[in-house]
Amino acid sequence: MNAFDADYIDPGDRFLQRVRRAAVTVLGDSPAGRDVAGLCADHLRTRQSIMQDRAVGSTIVAIVGAAGQGKSWLAKQLVAGTAAEQAIPSGNREDESTRRLIWIGPQAPRDLDSRREQFLHCDAGAMRDLGGPYLLVDTPGATDDDKEIAETARRALSLAAILVMVVRRDQLRSQTVSVLSTLGEGTLVVPVINAVRDSADPELAADADTLVARMRAAAPSGTILSPILIPDFDVQDLEESAVAEAALKQLKNLLSPYLDGHLTDDRRRRIRLAAVDARFRESLRATLGEHLPGLTRAVDRLNEEARKLPGDVALSMVGGHEALRAGIRSKLRLSVLTDTAAVWFPYRSLLGLLNLTHGAWDRVVLSLSGSLPSLISVAWTSARNLRHGEEVEQDLREGLRRRSSAAVVDRLGPPIARFHEQLREMLSAVPQDNEHSAELDDDRHPQMAYLAGIDALQEESQRIFDEEVQRRAVPATTAVALAVLGTLIFWALMAAPIYSLYDQYVVASYQTFRDSDGSLERFPRPEFSMLLTSLLLSLLPTALYAMLVITYSQRRRTVDRIEQRIRQRHAETIARLQQDGVLRLRWTDPLLGDAEFLLSAGRE
């Protein structure tokens, strides 16, 4: 098994297995269950057909279209003058029409199914030159009333790299064209308008352009080439051979640039697999919507809430306006205090004291947020140097989980109840294991789902909070410069009294040692009021300066910018975690999970 198979077949098989398992669990042997099983089997065969390389070294060119459009005539022209031409059913009569896939080429395809397929040998040199080696496939009508014939024709659409889609002039506006174009998603398509009775018809060009536009809209990942017009030689009295020669010359001009092997690469297969997967989901949605309309509507409502809920809950847990701004201000003040070393005394002591008193309101706001924990409060708490910081942080984290669980119950309770009601109605009409009915009737587990990814969001929240605050906080060098200035302010005022006291003390000490008389009378005896007055006079301007520094560090414009960036990055993170499947609802009830998955598979 190559790397492509591992990447694109196994996931599809696993998806189909889960769909089948969910259908058996929820639908049992009901009509809806049997239809889903049939869809899965058909889809698996289609995927396997796309992955098969049945024409090694050649490009498969399939001639497709509705019954009676002239497909076999075109196939005959590509192998004119050979035994294969005579063996191709003409299609003029019902008993002669193509009912099997007819392979034409120098080598039979792999795994030929004789019940539905026929191989006609034709040397490569005898086949019409289209610019490269190819294996021709003539198909029965893809919209034939016979389901087996129609299925055989649709198999060719999965096998071929090039589709030559034949449609009569009078059938250009048929819905069949859009259906066939959709089935040819991811391929190269050449429209052939057959049986044109009047080449000068003014509406012909407009109808041809409309045909190409419809085909491109139906198959946006396909490559739709310019249409080839084939006149009705019987009506216009033209030579059939001349008409065929002109048509084949145009076909070669269109296909020559593409018949070099690149149409069979992995990219084409991936596009086609994506297309058939999308069609399978759409068919699954339509089938279940037809059989189970009430349950489908309940799932639509449940999915609508489930898609919006993770983002809404996560955004609500970022925190309110005041709580977030309080956390930002506290973090900004803490940043300045952390970058101020203890050596800058007493400025740092005043800064810390004022930080506590200045942030009293912020602490009240953040304390109140503990009853409604937010992601920001968790991030802010984890950054604090508290004695019991880990315990407080854990309490907040648990509070976040409880809050998210409560939000899940509040938002999803009504749609889950409606879903259960519809599921009970459906199961009452379908034979089911009693265990499933017991699960539905058991109301002991009201928490049917929980919000996964909260821990990952908390980590992202803390990182975003720290990064954005640090980006706008006062730089460390600026904090040091402010500390130097604050320290100088204090000592510029306090230095004179201190110097005077120490000067008298030094002189008295010197005289005492010199005279050796041991007298204490000469030592200074300052009054306490004088020292206190000096200290207060020195501390007051320093404290005012420290207050200005705190005010500067948490100025309104800075807080506004940080809050805006935090909320913006949180919204982006929530969207990314939801897209990656980290932040999502997870169902705890197996039966509910299977039913929700089955009925949601066609909508993803």
# chains A, B, ... in the order shown; residues from 1 in each chain; ligands from 1

call {"tool": "residues_around", "arguments": {"residues": "Ser158 in chain A", "least_positions_apart": "6", "cutoff": "7 Å", "atoms": "only C-alpha atoms", "output": "ChimeraX atom specification"}}
result
/A:46,49-50

call {"tool": "atom_distance", "arguments": {"atom1": "CA of Leu78 in chain A", "atom2": "CA of Leu248 in chain A"}}
result
7.6 Å

call {"tool": "atom_distance", "arguments": {"atom1": "CA of Gln422 in chain A", "atom2": "CA of Gly33 in chain A"}}
result
16.4 Å

call {"tool": "residues_around", "arguments": {"residues": "Ile60 in chain A", "least_positions_apart": "3", "cutoff": "9 Å", "atoms": "only C-alpha atoms", "output": "mmCIF file with N, CA and C atoms, in the first residue's frame"}}
result
data_model
loop_
_atom_site.group_PDB
_atom_site.id
_atom_site.type_symbol
_atom_site.label_atom_id
_atom_site.label_comp_id
_atom_site.auth_asym_id
_atom_site.auth_seq_id
_atom_site.Cartn_x
_atom_site.Cartn_y
_atom_site.Cartn_z
ATOM 1 N N ARG A 54 -6.579 0.673 -13.772
ATOM 2 C CA ARG A 54 -6.928 -0.469 -14.606
ATOM 3 C C ARG A 54 -6.293 -0.414 -15.991
ATOM 4 N N ALA A 55 -5.797 0.727 -16.388
ATOM 5 C CA ALA A 55 -5.169 0.854 -17.706
ATOM 6 C C ALA A 55 -3.755 1.373 -17.520
ATOM 7 N N TYR A 134 -4.205 5.795 -25.079
ATOM 8 C CA TYR A 134 -5.449 5.843 -24.317
ATOM 9 C C TYR A 134 -6.206 4.543 -24.482
ATOM 10 N N LEU A 135 -7.101 4.307 -23.551
ATOM 11 C CA LEU A 135 -7.997 3.150 -23.574
ATOM 12 C C LEU A 135 -9.413 3.697 -23.620
ATOM 13 N N LEU A 136 -10.151 3.333 -24.668
ATOM 14 C CA LEU A 136 -11.470 3.897 -24.904
ATOM 15 C C LEU A 136 -12.543 3.077 -24.187
ATOM 16 N N VAL A 137 -13.536 3.771 -23.619
ATOM 17 C CA VAL A 137 -14.646 3.114 -22.946
ATOM 18 C C VAL A 137 -15.943 3.676 -23.509
ATOM 19 N N LEU A 159 -13.952 5.722 -13.262
ATOM 20 C CA LEU A 159 -12.717 5.149 -13.777
ATOM 21 C C LEU A 159 -11.938 6.108 -14.659
ATOM 22 N N ALA A 160 -12.643 6.933 -15.420
ATOM 23 C CA ALA A 160 -12.014 7.686 -16.498
ATOM 24 C C ALA A 160 -11.315 8.949 -16.016
ATOM 25 N N ALA A 161 -10.226 9.297 -16.733
ATOM 26 C CA ALA A 161 -9.550 10.567 -16.507
ATOM 27 C C ALA A 161 -10.089 11.643 -17.432
ATOM 28 N N ILE A 162 -10.648 11.205 -18.587
ATOM 29 C CA ILE A 162 -11.234 12.131 -19.558
ATOM 30 C C ILE A 162 -12.639 11.656 -19.871
ATOM 31 N N LEU A 163 -13.579 12.581 -19.814
ATOM 32 C CA LEU A 163 -14.962 12.273 -20.166
ATOM 33 C C LEU A 163 -15.334 13.051 -21.425
ATOM 34 N N THR A 264 -3.570 11.108 -14.574
ATOM 35 C CA THR A 264 -3.765 9.964 -13.688
ATOM 36 C C THR A 264 -3.002 10.144 -12.369
#

call {"tool": "atom_distance", "arguments": {"atom1": "CA of Arg128 in chain A", "atom2": "CA of Ala67 in chain A"}}
result
24.0 Å

call {"tool": "closest_residue", "arguments": {"among": "A:Trp587, A:Trp491, A:Phe523, A:Trp103", "to": "Leu412 in chain A", "atoms": "only C-alpha atoms"}}
result
A:Trp587

call {"tool": "residues_around", "arguments": {"residues": "Phe419 in chain A", "least_positions_apart": "3", "cutoff": "8 Å", "atoms": "only C-alpha atoms", "output": "NGL selection string"}}
result
:A and (295 or 298-299 or 302 or 415-416 or 422-423)

call {"tool": "write_last_selection", "arguments": {"atoms": "C-alpha atoms", "output": "short mmCIF file (atom, residue, chain, number, x, y, z; two decimals), in the first residue's frame"}}
result
data_model
loop_
_atom_site.label_atom_id
_atom_site.label_comp_id
_atom_site.auth_asym_id
_atom_site.auth_seq_id
_atom_site.Cartn_x
_atom_site.Cartn_y
_atom_site.Cartn_z
CA LEU A 295 -35.25 13.43 14.01
CA ALA A 298 -33.98 17.85 15.98
CA VAL A 299 -30.37 17.13 15.00
CA LEU A 302 -28.85 20.38 18.23
CA PRO A 415 -32.49 20.50 22.07
CA ILE A 416 -31.22 17.27 23.65
CA GLN A 422 -37.77 12.13 18.35
CA LEU A 423 -35.34 9.26 18.85
#
